[in-house]
Every structure is written in C-alpha cells, then in structure tokens.
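Enquirer: Provided herewith: run.pdb, PDB, C-alpha atoms.
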```pdb
ATOM      1  CA  MET A   1     -47.879  57.166  -2.665  1.00  0.00           C
ATOM      2  CA  PRO A   2     -50.577  54.617  -3.622  1.00  0.00           C
ATOM      3  CA  SER A   3     -51.810  52.309  -0.892  1.00  0.00           C
ATOM      4  CA  VAL A   4     -51.453  48.580  -1.494  1.00  0.00           C
ATOM      5  CA  SER A   5     -53.492  45.856   0.180  1.00  0.00           C
ATOM      6  CA  ARG A   6     -51.449  43.329   2.135  1.00  0.00           C
ATOM      7  CA  THR A   7     -53.160  40.583   0.137  1.00  0.00           C
ATOM      8  CA  ALA A   8     -52.503  42.280  -3.208  1.00  0.00           C
ATOM      9  CA  ARG A   9     -51.237  40.012  -5.946  1.00  0.00           C
ATOM     10  CA  PHE A  10     -49.913  41.581  -9.126  1.00  0.00           C
ATOM     11  CA  SER A  11     -48.193  40.754 -12.308  1.00  0.00           C
ATOM     12  CA  ALA A  12     -45.532  43.312 -13.115  1.00  0.00           C
ATOM     13  CA  VAL A  13     -43.845  45.038 -15.991  1.00  0.00           C
ATOM     14  CA  VAL A  14     -40.334  46.401 -15.764  1.00  0.00           C
ATOM     15  CA  GLU A  15     -40.088  50.072 -16.610  1.00  0.00           C
ATOM     16  CA  GLU A  16     -36.892  52.055 -17.042  1.00  0.00           C
ATOM     17  CA  VAL A  17     -36.821  55.305 -15.050  1.00  0.00           C
ATOM     18  CA  THR A  18     -34.305  58.132 -14.870  1.00  0.00           C
ATOM     19  CA  THR A  19     -33.147  59.096 -11.384  1.00  0.00           C
ATOM     20  CA  THR A  20     -32.498  62.674 -10.225  1.00  0.00           C
ATOM     21  CA  ASN A  21     -28.758  62.307 -10.902  1.00  0.00           C
ATOM     22  CA  GLY A  22     -29.409  61.240 -14.520  1.00  0.00           C
ATOM     23  CA  ALA A  23     -28.779  57.516 -14.045  1.00  0.00           C
ATOM     24  CA  THR A  24     -31.296  54.978 -15.322  1.00  0.00           C
ATOM     25  CA  ALA A  25     -32.747  52.197 -13.234  1.00  0.00           C
ATOM     26  CA  SER A  26     -35.280  49.450 -13.774  1.00  0.00           C
ATOM     27  CA  MET A  27     -38.421  49.596 -11.696  1.00  0.00           C
ATOM     28  CA  GLU A  28     -41.197  47.011 -11.492  1.00  0.00           C
ATOM     29  CA  MET A  29     -44.624  48.548 -11.998  1.00  0.00           C
ATOM     30  CA  PRO A  30     -47.617  46.425 -10.967  1.00  0.00           C
ATOM     31  CA  THR A  31     -50.194  45.721 -13.650  1.00  0.00           C
ATOM     32  CA  ALA A  32     -53.803  44.574 -13.637  1.00  0.00           C
ATOM     33  CA  TRP A  33     -56.432  43.689 -16.277  1.00  0.00           C
ATOM     34  CA  GLU A  34     -59.235  45.686 -17.898  1.00  0.00           C
ATOM     35  CA  CYS A  35     -61.845  43.689 -19.855  1.00  0.00           C
ATOM     36  CA  ASP A  36     -64.799  44.604 -22.062  1.00  0.00           C
ATOM     37  CA  GLU A  37     -68.228  42.958 -22.447  1.00  0.00           C
ATOM     38  CA  GLU A  38     -66.767  40.335 -24.775  1.00  0.00           C
ATOM     39  CA  ALA A  39     -64.048  39.349 -22.261  1.00  0.00           C
ATOM     40  CA  GLU A  40     -61.332  40.928 -24.402  1.00  0.00           C
ATOM     41  CA  CYS A  41     -58.703  41.999 -21.866  1.00  0.00           C
ATOM     42  CA  VAL A  42     -55.690  44.299 -21.892  1.00  0.00           C
ATOM     43  CA  GLU A  43     -52.997  44.770 -19.275  1.00  0.00           C
ATOM     44  CA  VAL A  44     -53.121  48.198 -17.594  1.00  0.00           C
ATOM     45  CA  PRO A  45     -51.247  49.897 -14.732  1.00  0.00           C
ATOM     46  CA  ALA A  46     -52.564  48.570 -11.414  1.00  0.00           C
ATOM     47  CA  CYS A  47     -51.960  51.782  -9.511  1.00  0.00           C
ATOM     48  CA  ASN A  48     -53.247  55.304  -9.839  1.00  0.00           C
ATOM     49  CA  ASP A  49     -52.524  58.232  -7.520  1.00  0.00           C
ATOM     50  CA  GLU A  50     -54.620  56.807  -4.686  1.00  0.00           C
ATOM     51  CA  GLU A  51     -54.767  53.025  -4.761  1.00  0.00           C
ATOM     52  CA  CYS A  52     -53.574  49.804  -6.373  1.00  0.00           C
ATOM     53  CA  ARG A  53     -55.931  47.142  -7.722  1.00  0.00           C
ATOM     54  CA  THR A  54     -55.518  43.592  -6.552  1.00  0.00           C
ATOM     55  CA  THR A  55     -56.355  40.458  -8.467  1.00  0.00           C
ATOM     56  CA  LEU A  56     -59.697  38.710  -8.119  1.00  0.00           C
ATOM     57  CA  ASP A  57     -58.983  35.021  -8.593  1.00  0.00           C
ATOM     58  CA  VAL A  58     -61.698  32.447  -9.340  1.00  0.00           C
ATOM     59  CA  ARG A  59     -61.310  28.740 -10.173  1.00  0.00           C
ATOM     60  CA  ILE A  60     -63.323  27.371 -13.094  1.00  0.00           C
ATOM     61  CA  HIS A  61     -62.793  23.771 -14.228  1.00  0.00           C
ATOM     62  CA  SER A  62     -59.525  23.424 -12.292  1.00  0.00           C
ATOM     63  CA  LYS A  63     -57.955  26.596 -13.712  1.00  0.00           C
ATOM     64  CA  TRP A  64     -57.589  29.898 -11.838  1.00  0.00           C
ATOM     65  CA  TYR A  65     -58.570  33.103 -13.665  1.00  0.00           C
ATOM     66  CA  ASP A  66     -57.964  36.729 -12.673  1.00  0.00           C
ATOM     67  CA  LEU A  67     -61.408  38.318 -13.055  1.00  0.00           C
ATOM     68  CA  SER A  68     -60.460  41.741 -11.677  1.00  0.00           C
ATOM     69  CA  GLY A  69     -60.820  43.390 -15.081  1.00  0.00           C
ATOM     70  CA  TRP A  70     -64.023  41.518 -15.965  1.00  0.00           C
ATOM     71  CA  ARG A  71     -65.994  42.275 -12.807  1.00  0.00           C
ATOM     72  CA  LYS A  72     -67.317  45.664 -13.990  1.00  0.00           C
ATOM     73  CA  ALA A  73     -68.354  44.253 -17.385  1.00  0.00           C
ATOM     74  CA  HIS A  74     -70.163  41.193 -15.951  1.00  0.00           C
ATOM     75  CA  PRO A  75     -73.788  41.471 -17.150  1.00  0.00           C
ATOM     76  CA  ALA A  76     -75.326  40.314 -13.844  1.00  0.00           C
ATOM     77  CA  GLY A  77     -73.194  42.662 -11.735  1.00  0.00           C
ATOM     78  CA  ALA A  78     -69.812  42.786 -10.062  1.00  0.00           C
ATOM     79  CA  HIS A  79     -71.142  41.383  -6.768  1.00  0.00           C
ATOM     80  CA  TRP A  80     -71.345  37.883  -8.299  1.00  0.00           C
ATOM     81  CA  ILE A  81     -67.704  37.983  -9.331  1.00  0.00           C
ATOM     82  CA  ASP A  82     -66.635  39.454  -5.981  1.00  0.00           C
ATOM     83  CA  TRP A  83     -68.332  36.664  -4.019  1.00  0.00           C
ATOM     84  CA  TYR A  84     -66.292  33.971  -5.786  1.00  0.00           C
ATOM     85  CA  ASP A  85     -62.885  35.577  -5.114  1.00  0.00           C
ATOM     86  CA  GLY A  86     -60.613  32.724  -3.956  1.00  0.00           C
ATOM     87  CA  ARG A  87     -63.364  30.150  -4.578  1.00  0.00           C
ATOM     88  CA  ASP A  88     -64.471  27.676  -7.203  1.00  0.00           C
ATOM     89  CA  ALA A  89     -67.208  28.868  -9.577  1.00  0.00           C
ATOM     90  CA  THR A  90     -67.382  25.833 -11.861  1.00  0.00           C
ATOM     91  CA  GLU A  91     -70.943  24.821 -10.930  1.00  0.00           C
ATOM     92  CA  VAL A  92     -72.399  28.316 -11.258  1.00  0.00           C
ATOM     93  CA  MET A  93     -70.513  28.833 -14.532  1.00  0.00           C
ATOM     94  CA  ASP A  94     -71.973  25.672 -16.034  1.00  0.00           C
ATOM     95  CA  ALA A  95     -75.478  26.003 -14.571  1.00  0.00           C
ATOM     96  CA  PHE A  96     -76.258  29.695 -15.111  1.00  0.00           C
ATOM     97  CA  HIS A  97     -74.349  30.789 -18.213  1.00  0.00           C
ATOM     98  CA  SER A  98     -75.129  30.514 -21.902  1.00  0.00           C
ATOM     99  CA  ALA A  99     -72.903  28.595 -24.296  1.00  0.00           C
ATOM    100  CA  LYS A 100     -71.364  31.959 -25.261  1.00  0.00           C
ATOM    101  CA  GLY A 101     -70.609  32.751 -21.603  1.00  0.00           C
ATOM    102  CA  ARG A 102     -69.140  29.298 -21.048  1.00  0.00           C
ATOM    103  CA  GLU A 103     -66.683  30.002 -23.877  1.00  0.00           C
ATOM    104  CA  MET A 104     -65.934  33.634 -22.953  1.00  0.00           C
ATOM    105  CA  TYR A 105     -64.340  32.912 -19.583  1.00  0.00           C
ATOM    106  CA  LYS A 106     -61.585  30.964 -21.359  1.00  0.00           C
ATOM    107  CA  ARG A 107     -60.360  34.262 -22.876  1.00  0.00           C
ATOM    108  CA  LEU A 108     -59.912  35.885 -19.478  1.00  0.00           C
ATOM    109  CA  PRO A 109     -56.375  36.156 -18.097  1.00  0.00           C
ATOM    110  CA  ALA A 110     -55.062  33.278 -16.045  1.00  0.00           C
ATOM    111  CA  SER A 111     -54.102  33.968 -12.459  1.00  0.00           C
ATOM    112  CA  ALA A 112     -50.388  34.350 -11.797  1.00  0.00           C
ATOM    113  CA  PRO A 113     -48.867  30.876 -11.276  1.00  0.00           C
ATOM    114  CA  ASP A 114     -47.707  31.607  -7.713  1.00  0.00           C
ATOM    115  CA  THR A 115     -51.141  32.982  -6.794  1.00  0.00           C
ATOM    116  CA  ALA A 116     -52.885  29.987  -8.347  1.00  0.00           C
ATOM    117  CA  ALA A 117     -50.637  27.593  -6.419  1.00  0.00           C
ATOM    118  CA  VAL A 118     -51.429  29.270  -3.083  1.00  0.00           C
ATOM    119  CA  LEU A 119     -55.157  29.310  -3.809  1.00  0.00           C
ATOM    120  CA  GLU A 120     -55.199  25.728  -5.040  1.00  0.00           C
ATOM    121  CA  ALA A 121     -53.487  24.580  -1.838  1.00  0.00           C
ATOM    122  CA  SER A 122     -56.094  26.376   0.276  1.00  0.00           C
ATOM    123  CA  THR A 123     -59.208  25.357  -1.704  1.00  0.00           C
ATOM    124  CA  ALA A 124     -61.012  22.066  -1.208  1.00  0.00           C
ATOM    125  CA  PRO A 125     -60.470  19.568  -4.022  1.00  0.00           C
ATOM    126  CA  TYR A 126     -63.447  18.588  -6.155  1.00  0.00           C
ATOM    127  CA  SER A 127     -65.510  15.844  -4.539  1.00  0.00           C
ATOM    128  CA  GLN A 128     -66.348  12.655  -6.403  1.00  0.00           C
ATOM    129  CA  THR A 129     -69.997  13.771  -6.385  1.00  0.00           C
ATOM    130  CA  GLU A 130     -69.083  17.030  -8.156  1.00  0.00           C
ATOM    131  CA  LEU A 131     -67.011  15.181 -10.729  1.00  0.00           C
ATOM    132  CA  ASN A 132     -69.793  12.622 -11.350  1.00  0.00           C
ATOM    133  CA  PHE A 133     -72.377  15.407 -11.721  1.00  0.00           C
ATOM    134  CA  ARG A 134     -70.202  17.125 -14.344  1.00  0.00           C
ATOM    135  CA  LYS A 135     -69.921  13.867 -16.295  1.00  0.00           C
ATOM    136  CA  LEU A 136     -73.701  13.516 -16.169  1.00  0.00           C
ATOM    137  CA  ARG A 137     -74.222  17.046 -17.532  1.00  0.00           C
ATOM    138  CA  ALA A 138     -71.676  16.644 -20.344  1.00  0.00           C
TER     139      ALA A 138
END
```
Spell out the structure here as structure tokens.

Expert:
Amino acid sequence: MPSVSRTARFSAVVEEVTTTNGATASMEMPTAWECDEEAECVEVPACNDEECRTTLDVRIHSKWYDLSGWRKAHPAGAHWIDWYDGRDATEVMDAFHSAKGREMYKRLPASAPDTAAVLEASTAPYSQTELNFRKLRA
C-alpha cells in the first residue's frame, strides 16, 4: 500500500474497479502533475507502488499554482521551487525570470481551490510597500 503524507493534497479522478465478487465500484484515485521544460503539464497518477506525491503550492501574483510537476524541469533546480512551497514567490518571479519565464508560469496548473483557500488564510497579505514596488516596476 502506498504511503501518503498527512499534509498531502491531491486532485482526484474517479476510476471504476471490479471487486472480487464481480460487482463494480467507483474509486477515487489521487492525481498529480508532470510538466516539461516549456511548462506543458499533464495529469498523472499521484501514487506508485511505494509513495504518493503531494502538491507543491506557490503563490504568484495572488494566485496559487501547483508546481509539483514543474520542480524537476525548473532550469535553476528543484530546490528553488521546494523552498517556496506554501509561500509567495511573486518578487522572485518578477525579479529573476525572463519575459518567457514570466509568461510560462501562467500555464502551470492552479492549486486545488480548497488548498488555495487554506494557504491564502495562512499567508501574510501583500504589504502596501510590495504593492507600490510592483506598480513602480510595471
């Protein structure tokens, strides 16, 4: 049986399975994301025989994205994505990424609405200084 983190957050697909007595039943199977270098993402099974992947949620410009599938493809390394899990990465996104990179993140999958709501409630709102700085850069 795959192990699942207590903090795991998944989207799910419903799959029909046949039981040992021949009856059919619906079963929710957790899914995750797999992304390539161009931030093109596909939904994949979250669990294999040993473990289940969790989401990796990062806020950019007030929207939460699930970067779990993108982390391995990130050109500067997965450790940068990992550090921002549950945090806001707006400033680093704008300051250190090319115009192409600043457009690519918009193609990444959004975090599940319930996950985004929990994270938003536990993350500090943008300060007026941050908002003013963004206006200055625009």

Enquirer: Which residue out of A:Cys47, A:Ala99, A:Ala89, A:Ala117 has the minimum interatomic distance to Ala32 (chain A) when all atoms listed in the file are used?

Expert: A:Cys47

Enquirer: Taking all atoms listed in the file into account, name the residue in A:Pro45, A:Gly77, A:Pro125, A:Pro30 that is nearest to His61 (chain A).

Expert: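 Of A:Pro45, A:Gly77, A:Pro125, A:Pro30, the one nearest His61 (chain A) is A:Pro125, counting all atoms listed in the file.
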
Enquirer: Between CA of Arg137 (chain A) and CA of Tyr84 (chain A), what is the spacing in Å?

Expert: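 A separation of 22.1 Å between them.
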
Enquirer: At what distance in Å, to one decimal, does CA of Glu38 (chain A) lie from CA of Arg102 (chain A)?

Expert: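 So the answer is 11.9 Å.
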
Enquirer: Work out how far apart CA of Gly101 (chain A) and CA of Ala46 (chain A) are and give it in Å to one decimal.

Expert: 26.1 Å

Enquirer: Write out as a list in words which residues come within 10 Å of region 70-72 of chain A when counting only C-alpha atoms, dropping same-chain ones fewer than 6 positions away.

Expert: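 Contacts, in chain order: Trp33, Glu34, Cys35, Asp36, Glu37, Glu38, Ala39, Glu40, Cys41, Leu56, Ala78, His79, Trp80, Ile81, Asp82, Tyr105, Leu108 and Pro109 of chain A.
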
Enquirer: Rebuild region 60-71 of chain A so that it carries N, CA and C atoms, then output the result as a PDB file, keeping the file's coordinate frame.

Expert:
```pdb
ATOM      1  N   ILE A  60     -62.285  27.929 -12.235  1.00  0.00           N
ATOM      2  CA  ILE A  60     -63.323  27.371 -13.094  1.00  0.00           C
ATOM      3  C   ILE A  60     -62.705  26.173 -13.808  1.00  0.00           C
ATOM      4  N   HIS A  61     -63.299  25.009 -13.615  1.00  0.00           N
ATOM      5  CA  HIS A  61     -62.793  23.771 -14.228  1.00  0.00           C
ATOM      6  C   HIS A  61     -61.297  23.596 -13.989  1.00  0.00           C
ATOM      7  N   SER A  62     -60.895  23.691 -12.741  1.00  0.00           N
ATOM      8  CA  SER A  62     -59.525  23.424 -12.292  1.00  0.00           C
ATOM      9  C   SER A  62     -58.491  24.467 -12.707  1.00  0.00           C
ATOM     10  N   LYS A  63     -58.890  25.548 -13.324  1.00  0.00           N
ATOM     11  CA  LYS A  63     -57.955  26.596 -13.712  1.00  0.00           C
ATOM     12  C   LYS A  63     -58.352  27.896 -13.013  1.00  0.00           C
ATOM     13  N   TRP A  64     -57.356  28.626 -12.518  1.00  0.00           N
ATOM     14  CA  TRP A  64     -57.589  29.898 -11.838  1.00  0.00           C
ATOM     15  C   TRP A  64     -57.504  31.040 -12.837  1.00  0.00           C
ATOM     16  N   TYR A  65     -58.494  31.938 -12.787  1.00  0.00           N
ATOM     17  CA  TYR A  65     -58.570  33.103 -13.665  1.00  0.00           C
ATOM     18  C   TYR A  65     -58.577  34.365 -12.812  1.00  0.00           C
ATOM     19  N   ASP A  66     -57.934  35.421 -13.325  1.00  0.00           N
ATOM     20  CA  ASP A  66     -57.964  36.729 -12.673  1.00  0.00           C
ATOM     21  C   ASP A  66     -59.118  37.508 -13.288  1.00  0.00           C
ATOM     22  N   LEU A  67     -60.205  37.657 -12.547  1.00  0.00           N
ATOM     23  CA  LEU A  67     -61.408  38.318 -13.055  1.00  0.00           C
ATOM     24  C   LEU A  67     -61.503  39.783 -12.647  1.00  0.00           C
ATOM     25  N   SER A  68     -60.427  40.354 -12.148  1.00  0.00           N
ATOM     26  CA  SER A  68     -60.460  41.741 -11.677  1.00  0.00           C
ATOM     27  C   SER A  68     -60.888  42.714 -12.773  1.00  0.00           C
ATOM     28  N   GLY A  69     -60.453  42.499 -13.995  1.00  0.00           N
ATOM     29  CA  GLY A  69     -60.820  43.390 -15.081  1.00  0.00           C
ATOM     30  C   GLY A  69     -62.192  43.114 -15.656  1.00  0.00           C
ATOM     31  N   TRP A  70     -62.724  41.931 -15.422  1.00  0.00           N
ATOM     32  CA  TRP A  70     -64.023  41.518 -15.965  1.00  0.00           C
ATOM     33  C   TRP A  70     -65.173  41.909 -15.058  1.00  0.00           C
ATOM     34  N   ARG A  71     -64.917  42.091 -13.781  1.00  0.00           N
ATOM     35  CA  ARG A  71     -65.994  42.275 -12.807  1.00  0.00           C
ATOM     36  C   ARG A  71     -66.950  43.410 -13.178  1.00  0.00           C
TER      37      ARG A  71
END
```
